[in-house]
Amino acid sequence: MPEKTVGRTRLVLIQGDITRQDADALVNAANSELRGGGGVDGAIHRAGGPLILEECRAIAARQGRCPAGQAVVTGGGRLRARHVIHAVGPVWHGGEQGEDGLLRAAYENSLRLALSVNARSVAFPGISTGAYGFPVERAARIALAAVTAFVLEHGGLEEVRFVTFSPGDYGVYARLFEAA
Ligand code: AR6
């Protein structure tokens, strides 16, 4: 399990199912309507139970859509994690529509929310790299750079985990992880 320390934060790379992680906060790759869906979103809502979706609905009713690059936080329902941070990544349209900046913002805003609820450990999936079609290597570079810069600037987190689902994605992250 590759890991390294950046500032005071341990960065860890894991292959597996994010819903099994016992981090304080799990990040979900959500949609702007916060209505649940497939992929990691479906897995988190299935594992966490209906309370999470109820909270998402209440947030959407209060504040409307959650645009790409932004995130909201709910409780963790039946998950071991106390919080779920629902981050909305950009849909990939070829890379010239501000996708990189929006993906970076999704990671940064997730970490801001994690600090705001006093989470000490956070687990991220590869936001946007499934249904939203963001190329995995480009997304992984952005994820690692965004998290590294954030923890160096803000501190406060003990551990950030990158949870890749497929062995192929794990390999991509592992190469970048070792090179950085
Ligand atoms: N644990 C960790 N990673 C997972 C898991 C899991 N249990 N399941 C899938 N992944 P996606 P997106 C990986 O499609 O691209 C949803 O319907 C998956 O292999 O979940 O941001 C939402 O409601 C991929 O690498 O999210 C939105 O409508 C990564 O998670 C839309 O899809 C992200 O894939 C969001 O699309």
# chains A, B, ... in the order shown; residues from 1 in each chain; ligands from 1

call {"tool": "residues_near_ligand", "arguments": {"ligand": "ligand 1", "cutoff": "8 Å", "atoms": "only C-alpha atoms and all ligand atoms", "output": "short mmCIF file (atom, residue, chain, number, x, y, z; two decimals) with N, CA, C and O atoms, in the first residue's frame"}}
result
data_model
loop_
_atom_site.label_atom_id
_atom_site.label_comp_id
_atom_site.auth_asym_id
_atom_site.auth_seq_id
_atom_site.Cartn_x
_atom_site.Cartn_y
_atom_site.Cartn_z
N GLN A 15 -6.42 0.21 -3.41
CA GLN A 15 -7.35 -0.31 -4.41
C GLN A 15 -8.50 -0.99 -3.70
O GLN A 15 -8.28 -1.85 -2.83
N GLY A 16 -9.73 -0.63 -4.04
CA GLY A 16 -10.86 -1.28 -3.40
C GLY A 16 -12.12 -0.46 -3.47
O GLY A 16 -12.24 0.46 -4.29
N ASP A 17 -13.03 -0.82 -2.59
CA ASP A 17 -14.36 -0.21 -2.55
C ASP A 17 -14.34 0.89 -1.49
O ASP A 17 -14.09 0.61 -0.31
N ILE A 18 -14.63 2.10 -1.89
CA ILE A 18 -14.53 3.23 -0.96
C ILE A 18 -15.51 3.09 0.20
O ILE A 18 -15.25 3.58 1.31
N THR A 19 -16.63 2.40 -0.01
CA THR A 19 -17.63 2.30 1.06
C THR A 19 -17.10 1.47 2.24
O THR A 19 -17.67 1.52 3.32
N ASN A 28 -17.91 11.52 -2.26
CA ASN A 28 -18.75 10.89 -3.27
C ASN A 28 -18.60 11.67 -4.58
O ASN A 28 -18.49 12.89 -4.55
N ALA A 29 -18.61 10.95 -5.70
CA ALA A 29 -18.63 11.62 -7.02
C ALA A 29 -20.09 11.78 -7.41
O ALA A 29 -20.70 10.89 -7.99
N ALA A 30 -20.65 12.92 -7.06
CA ALA A 30 -22.10 13.15 -7.17
C ALA A 30 -22.45 13.88 -8.46
O ALA A 30 -21.57 14.24 -9.24
N ASN A 31 -23.74 14.08 -8.67
CA ASN A 31 -24.20 14.94 -9.77
C ASN A 31 -24.77 16.22 -9.18
O ASN A 31 -25.05 16.30 -7.98
N SER A 32 -24.95 17.23 -10.03
CA SER A 32 -25.36 18.56 -9.56
C SER A 32 -26.70 18.56 -8.86
O SER A 32 -26.97 19.43 -8.03
N LEU A 34 -27.69 16.20 -6.89
CA LEU A 34 -27.51 15.46 -5.62
C LEU A 34 -28.58 14.37 -5.48
O LEU A 34 -29.06 14.11 -4.39
N ARG A 35 -28.95 13.76 -6.59
CA ARG A 35 -30.08 12.82 -6.54
C ARG A 35 -29.65 11.36 -6.52
O ARG A 35 -30.46 10.46 -6.75
N GLY A 36 -28.36 11.10 -6.30
CA GLY A 36 -27.89 9.72 -6.37
C GLY A 36 -27.72 9.31 -7.81
O GLY A 36 -28.03 10.07 -8.73
N GLY A 37 -27.19 8.13 -8.04
CA GLY A 37 -26.94 7.68 -9.41
C GLY A 37 -26.22 6.36 -9.41
O GLY A 37 -26.37 5.56 -8.46
N GLY A 38 -25.40 6.12 -10.43
CA GLY A 38 -24.66 4.87 -10.52
C GLY A 38 -23.26 5.04 -9.96
O GLY A 38 -23.00 5.95 -9.18
N GLY A 39 -22.37 4.15 -10.35
CA GLY A 39 -20.96 4.25 -9.96
C GLY A 39 -20.77 4.34 -8.46
O GLY A 39 -21.48 3.71 -7.68
N VAL A 40 -19.82 5.17 -8.07
CA VAL A 40 -19.50 5.29 -6.64
C VAL A 40 -20.66 5.93 -5.88
O VAL A 40 -20.91 5.62 -4.70
N ASP A 41 -21.40 6.79 -6.56
CA ASP A 41 -22.57 7.44 -5.95
C ASP A 41 -23.59 6.37 -5.52
O ASP A 41 -24.08 6.35 -4.38
N GLY A 42 -23.89 5.46 -6.44
CA GLY A 42 -24.83 4.38 -6.13
C GLY A 42 -24.33 3.52 -4.99
O GLY A 42 -25.08 3.15 -4.07
N ALA A 43 -23.04 3.22 -5.02
CA ALA A 43 -22.45 2.34 -3.99
C ALA A 43 -22.54 3.00 -2.61
O ALA A 43 -22.88 2.35 -1.62
N ILE A 44 -22.27 4.29 -2.55
CA ILE A 44 -22.30 5.01 -1.26
C ILE A 44 -23.73 5.08 -0.72
O ILE A 44 -23.97 4.82 0.47
N VAL A 88 -19.11 17.44 -6.89
CA VAL A 88 -19.55 17.34 -8.27
C VAL A 88 -18.36 17.66 -9.18
O VAL A 88 -17.85 18.78 -9.18
N GLY A 89 -17.92 16.66 -9.91
CA GLY A 89 -16.83 16.87 -10.86
C GLY A 89 -17.39 17.33 -12.20
O GLY A 89 -18.60 17.27 -12.44
N PRO A 90 -16.51 17.80 -13.08
CA PRO A 90 -16.95 18.21 -14.41
C PRO A 90 -17.18 17.01 -15.32
O PRO A 90 -16.52 15.99 -15.19
N VAL A 91 -18.11 17.17 -16.25
CA VAL A 91 -18.24 16.21 -17.35
C VAL A 91 -17.13 16.54 -18.35
O VAL A 91 -16.88 17.71 -18.65
N PHE A 124 -10.95 9.65 -1.07
CA PHE A 124 -11.44 10.14 -2.36
C PHE A 124 -11.54 9.02 -3.38
O PHE A 124 -10.60 8.24 -3.52
N PRO A 125 -12.60 9.00 -4.16
CA PRO A 125 -12.60 8.17 -5.39
C PRO A 125 -12.00 9.01 -6.52
O PRO A 125 -11.66 10.18 -6.30
N GLY A 126 -11.90 8.45 -7.69
CA GLY A 126 -11.44 9.21 -8.85
C GLY A 126 -12.59 10.00 -9.42
O GLY A 126 -13.27 9.58 -10.37
N ILE A 127 -12.81 11.19 -8.85
CA ILE A 127 -13.94 12.03 -9.26
C ILE A 127 -13.90 12.25 -10.78
O ILE A 127 -12.83 12.53 -11.33
N SER A 128 -15.02 12.13 -11.43
CA SER A 128 -15.21 12.37 -12.88
C SER A 128 -14.63 11.31 -13.80
O SER A 128 -14.79 11.41 -15.02
N THR A 129 -13.94 10.29 -13.27
CA THR A 129 -13.23 9.36 -14.17
C THR A 129 -14.08 8.17 -14.60
O THR A 129 -13.59 7.28 -15.30
N GLY A 130 -15.35 8.13 -14.20
CA GLY A 130 -16.24 7.05 -14.63
C GLY A 130 -17.22 7.57 -15.66
O GLY A 130 -16.85 7.89 -16.79
N ALA A 131 -18.47 7.71 -15.25
CA ALA A 131 -19.53 8.16 -16.16
C ALA A 131 -19.22 9.51 -16.80
O ALA A 131 -19.62 9.77 -17.94
N TYR A 132 -18.47 10.36 -16.12
CA TYR A 132 -18.20 11.70 -16.65
C TYR A 132 -17.02 11.74 -17.61
O TYR A 132 -16.74 12.79 -18.20
N GLY A 133 -16.31 10.64 -17.75
CA GLY A 133 -15.39 10.46 -18.87
C GLY A 133 -14.06 11.18 -18.82
O GLY A 133 -13.35 11.27 -19.83
N PHE A 134 -13.67 11.70 -17.66
CA PHE A 134 -12.39 12.40 -17.56
C PHE A 134 -11.26 11.38 -17.68
O PHE A 134 -11.28 10.36 -17.00
N VAL A 136 -8.22 9.15 -17.02
CA VAL A 136 -7.78 8.81 -15.66
C VAL A 136 -6.43 9.42 -15.30
O VAL A 136 -6.27 9.98 -14.21
N VAL A 163 -8.73 6.18 -3.29
CA VAL A 163 -9.25 4.81 -3.43
C VAL A 163 -9.61 4.57 -4.89
O VAL A 163 -10.56 5.15 -5.41
N THR A 164 -8.81 3.75 -5.56
CA THR A 164 -9.09 3.42 -6.96
C THR A 164 -9.84 2.10 -7.01
O THR A 164 -9.57 1.20 -6.22
N PHE A 165 -10.76 2.02 -7.93
CA PHE A 165 -11.62 0.84 -7.99
C PHE A 165 -11.01 -0.24 -8.87
O PHE A 165 -10.98 -1.40 -8.49
N SER A 166 -10.52 0.15 -10.03
CA SER A 166 -10.01 -0.86 -10.97
C SER A 166 -8.50 -1.00 -10.82
O SER A 166 -7.81 -0.03 -10.49
N ASP A 169 -6.65 1.61 -12.95
CA ASP A 169 -6.57 2.95 -12.36
C ASP A 169 -5.55 2.97 -11.22
O ASP A 169 -4.81 3.94 -11.05
#

call {"tool": "select_by_dssp", "arguments": {"residues": "chain A", "states": "strand (DSSP E)", "output": "VMD selection string"}}
result
chain A and resid 3 to 6 9 to 15 25 to 30 71 to 75 83 to 88 121 to 124 159 to 164

call {"tool": "residues_around", "arguments": {"residues": "Thr9 of chain A", "least_positions_apart": "5", "cutoff": "6 Å", "atoms": "only C-alpha atoms", "output": "list in words"}}
result
Leu157, Glu158 and Glu159 of chain A

call {"tool": "closest_residue", "arguments": {"among": "A:Asp24, A:Gln63, A:Val6, A:Ile14", "to": "Ala119 of chain A", "atoms": "only C-alpha atoms"}}
result
A:Asp24

call {"tool": "closest_residue", "arguments": {"among": "A:Leu11, A:Gly49, A:Glu3, A:Leu115", "to": "Arg161 of chain A", "atoms": "only C-alpha atoms"}}
result
A:Leu11
